[in-house]
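I have placed the structure first, in the form of structure tokens, so that the comments after it can refer back to it.
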Protein chains: 2
Amino acid sequence: MAVKKNLTIYDIAKEAGVSPATVSRVLTGNARVSKLKKERIEAIIKKYDFKPNALARGLSETKSNVIGMIVADIRNPFYATVFLECEKEASRYGYTLMVCNTLGDPDLENIYLEKMYEQRVDAIINVGGRVDDLVSNTDFVDHVNRIANVIPVIITGKLDGSDCYRVNIDQMQAMEVVMDYIISLGHKDIALIGGRDNVQSTVDKRSRYKQLLKRYGINVRNEYIVEGKRYDDDSGYECMQKLFALEQLPTAIIAINDFTAAGAMRALTERGISVPEEISIVSFDNTFIAEVTSPKLTSVSYNYEKFGEKIVHAALSAIRGEDVPRIQLIQSELVIRGSCAKLNKVD
Amino acid sequence: MAVKKNLTIYDIAKEAGVSPATVSRVLTGNARVSKLKKERIEAIIKKYDFKPNALARGLSETKSNVIGMIVADIRNPFYATVFLECEKEASRYGYTLMVCNTLGDPDLENIYLEKMYEQRVDAIINVGGRVDDLVSNTDFVDHVNRIANVIPVIITGKLDGSDCYRVNIDQMQAMEVVMDYIISLGHKDIALIGGRDNVQSTVDKRSRYKQLLKRYGINVRNEYIVEGKRYDDDSGYECMQKLFALEQLPTAIIAINDFTAAGAMRALTERGISVPEEISIVSFDNTFIAEVTSPKLTSVSYNYEKFGEKIVHAALSAIRGEDVPRIQLIQSELVIRGSCAKLNKVD
DNA sequence: TTGAAAGCGCTAACAC
DNA sequence: GTGTTAGCGCTTTCAA
């Protein structure tokens, strides 16, 4: 049957010889309707392939059943994966996810915050952007707080002085997983490349990196901690150039993310240094970038499924007005592929 | 000022001493309001940071100002890029884009189609999935037609017998760009790897590939056309194994997409065959995968900006009831990086 | 220019 | 069980 334009419950009601309310009752299912009428109504609904107008329903219920997600850049597989997992989980509960990309533009973060509010989304998830900043922008915090006052806001980073719910990757544990592995392979000259010092997650990783080196009785060499411009492959490439300038190359490299690692591998390949025979590389994120390099990358995976689950559950609970932990952590595990090898004892 | 819960134009109207209608007029801007009142109203709106409820507006205007996009998998950078460009263009016109991922599940394609309709999106864009099929599924066509009867549907593939608007990549021209380049480098033994024969775009590429070989007076060798299982890197890897089994390896490889190329490069690296010195590789899509390999990939770029523009313009025009061409084509150009080289004359 | 009022399509409280 | 009715918050005739 053809979908007729602007069919409403009134049309259905008329044809079924019942009131619109009764149609609404079978639609929502939260009130009893006689079997006879119910079947008649359902038949008509099916016949016309009728779908209730979500806008009207949302207006009436003051609840849109959509969750907004503000993301830095959906092309980045890390964000894409988080989005996808959130979508899966949200749709299990009848929610739709609506994404917007800020592309690192602070103005857009504000604009989309407003837009989401206008759309009366039931919750806002913010992944990447100023929530990653080491020191939170106070104007942004104010803005978010205004919104969070009305709509629950879940962030994957932090926002000092805000009312958001946080679901964070346990960066410390993630770094531990990496270091334990690398060190178990016999490496002692370990570099940490990429990332910026104004990004919280990077700062956390670096601090844990130093801590762990000390714990293992290895000297921290500051020249082995290389700042990256961005989080892309070219930055990884550049980081490697800085390492090449040192008199002693590390035997293992920890890259802040898969992109950085890929750039580093390109730099190594160009120099004719083989991975993992001469230098081992590990990285964070375990996106498909890790599958696409030669050799494939050993990378830390964040359990994206759980990540999405926790984010969405936090949102849903908050929507329902339930108690939600202010901060939850996600644990990681290492996915071992071909980019690391035991340290060659022949020094 | 704090966003107050459930502030409406009535609240604004009361405080301004005007009628809700007048507030609405300054909100929409499509009716004259005295300067005095206008300023007063605007001040109050600003004071409370009031944002009109998009659901109510949508209900009233029978128009949601959101465009739905159904995509196969947003983690795939090709789709992500298309989405992003569409979002940019849509937001220029005050529209929001709402994505859903079908993950290759035909049921989900139907479900999301319904969902979009329920949300009363103003148009639906469908990228990837059954619109890529060589032979269109008739049930799906029926379903889409039912929807397209009410909401304009734009697809990037094809759907035989449907009322959709199409914005397609000119696969023929894309292949031409690649072949011209490869042949200009002196290659004659050229393989085409990856892709499935039930996918329209792949079929188109293959047919053009053969045509062009003939045009250049080169013999078509069927064993150089290698079917892939999927469009991912492992499939590319597997394709290469089939080529390795031949007595004569090609000197150039055209991969159906960047993923496939990356997998092929891994296979080559493993065999110690160097790219581009011994074998050249080109691919399609020019996603960031092409930047992440070593060497970087020479790849066909589809002008994503124009792609997004045309898709969204088609949607907007159709929404306005304007005439829209049933099919539009996107031209490509080659982005030359490091994966191709002149054929070494020493055979 | 402005206000009153109807309508967008649905839900839910209330009455029968 | 079922119908009536009053919203939900906005836009837009229609009068004034």
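Naming works like this for the structure tokens: A, B, ... for the chains as they're shown, residue 1 at the start of each chain, ligands 1 onward in shown order.
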
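Within the 8 Å cut-off around segment 295-302 of chain B, using only C-alpha atoms (C1' of nucleotides) and omitting residues fewer than 4 positions from it on the same chain, the listed residues are Arg266 of chain A; Ile169, Ala174, Val177, Val178, Asp258, Val275, Ile281, Val282, Ser283, Phe284, Asp285, Asn286, Thr287, Ala290, Glu291, Phe307, Ile330, Gln331, Ser332, Glu333, Leu334, Val335, Ile336, Arg337, Gly338, Ser339 and Cys340 of chain B.
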
Would you output that residue set with C-alpha atoms, as a tab-separated table (two decimals), in the first residue's frame?
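Everything below was put into part00.tsv:
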chain	number	residue	atom	x	y	z
A	266	ARG	CA	56.49	5.59	6.76
B	169	ILE	CA	30.35	9.05	-9.46
B	174	ALA	CA	37.32	7.70	-13.03
B	177	VAL	CA	41.87	8.91	-15.35
B	178	VAL	CA	43.62	5.96	-13.79
B	258	ASP	CA	42.20	2.38	-0.96
B	275	VAL	CA	56.37	-0.28	-4.40
B	281	ILE	CA	49.70	0.66	-7.40
B	282	VAL	CA	46.83	3.09	-7.94
B	283	SER	CA	43.46	3.03	-6.30
B	284	PHE	CA	40.11	4.73	-6.03
B	285	ASP	CA	38.55	6.91	-3.33
B	286	ASN	CA	41.46	8.97	-2.09
B	287	THR	CA	40.51	8.55	1.53
B	290	ALA	CA	45.96	6.70	0.94
B	291	GLU	CA	48.02	8.93	3.23
B	307	PHE	CA	29.61	15.44	-4.36
B	330	ILE	CA	30.61	13.52	-10.38
B	331	GLN	CA	33.95	13.80	-12.11
B	332	SER	CA	37.21	12.63	-10.61
B	333	GLU	CA	40.83	13.53	-10.75
B	334	LEU	CA	43.98	11.72	-9.86
B	335	VAL	CA	45.95	12.62	-6.76
B	336	ILE	CA	49.48	11.57	-7.46
B	337	ARG	CA	51.55	10.39	-4.53
B	338	GLY	CA	54.30	7.86	-4.27
B	339	SER	CA	52.92	4.50	-5.28
B	340	CYS	CA	53.45	4.59	-9.04

Can you write out as a tab-separated table which residues of segment 18-50 of chain B fall within 7 Å of segment 1-6 of chain C, alongside each residue's closest atom pair and its distance in Å to one decimal, counting only C-alpha atoms (C1' of nucleotides) and ordering rows by chain and ascending residue number?
residue	atom	partner	partner_atom	distance
B:Ser19	CA	C:DG3	C1'	6.2
B:Val33	CA	C:DT1	C1'	6.2
B:Ser34	CA	C:DT1	C1'	6.5

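The shell of residues at most 10 Å from DG7 of chain C, with only C-alpha atoms (C1' of nucleotides) counted and near chain neighbours (fewer than 6 positions) removed, consists of B:Leu59, B:Ser60, D:DT11, D:DT12.
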
Secondary structure check, alpha helix (DSSP H) residues of segment 79-307 of chain B, as a PyMOL selection string: chain B and resi 79-92+106-118+138-148+171-184+200-215+233-244+258-271+289-292+304-307

Residue neighbourhood Ala191 of chain A, 8 Å, only C-alpha atoms (C1' of nucleotides), exclusion window fewer than 3 positions, as a PyMOL selection string: chain A and resi 224-226+250+252-254

Selection: 12 Å around DA13 of chain C, only C-alpha atoms (C1' of nucleotides), excl. self and same-chain fewer than 6 positions, as a ChimeraX atom specification: /A:21 /D:4-7

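Secondary structure from DSSP on the backbone puts strand (DSSP E) at the following positions of segment 118-176 of chain A: Ala123, Ile124, Ile125, Asn126, Val127, Val153, Ile154, Ile155, Tyr165, Arg166, Val167, Asn168 and Ile169 of chain A.
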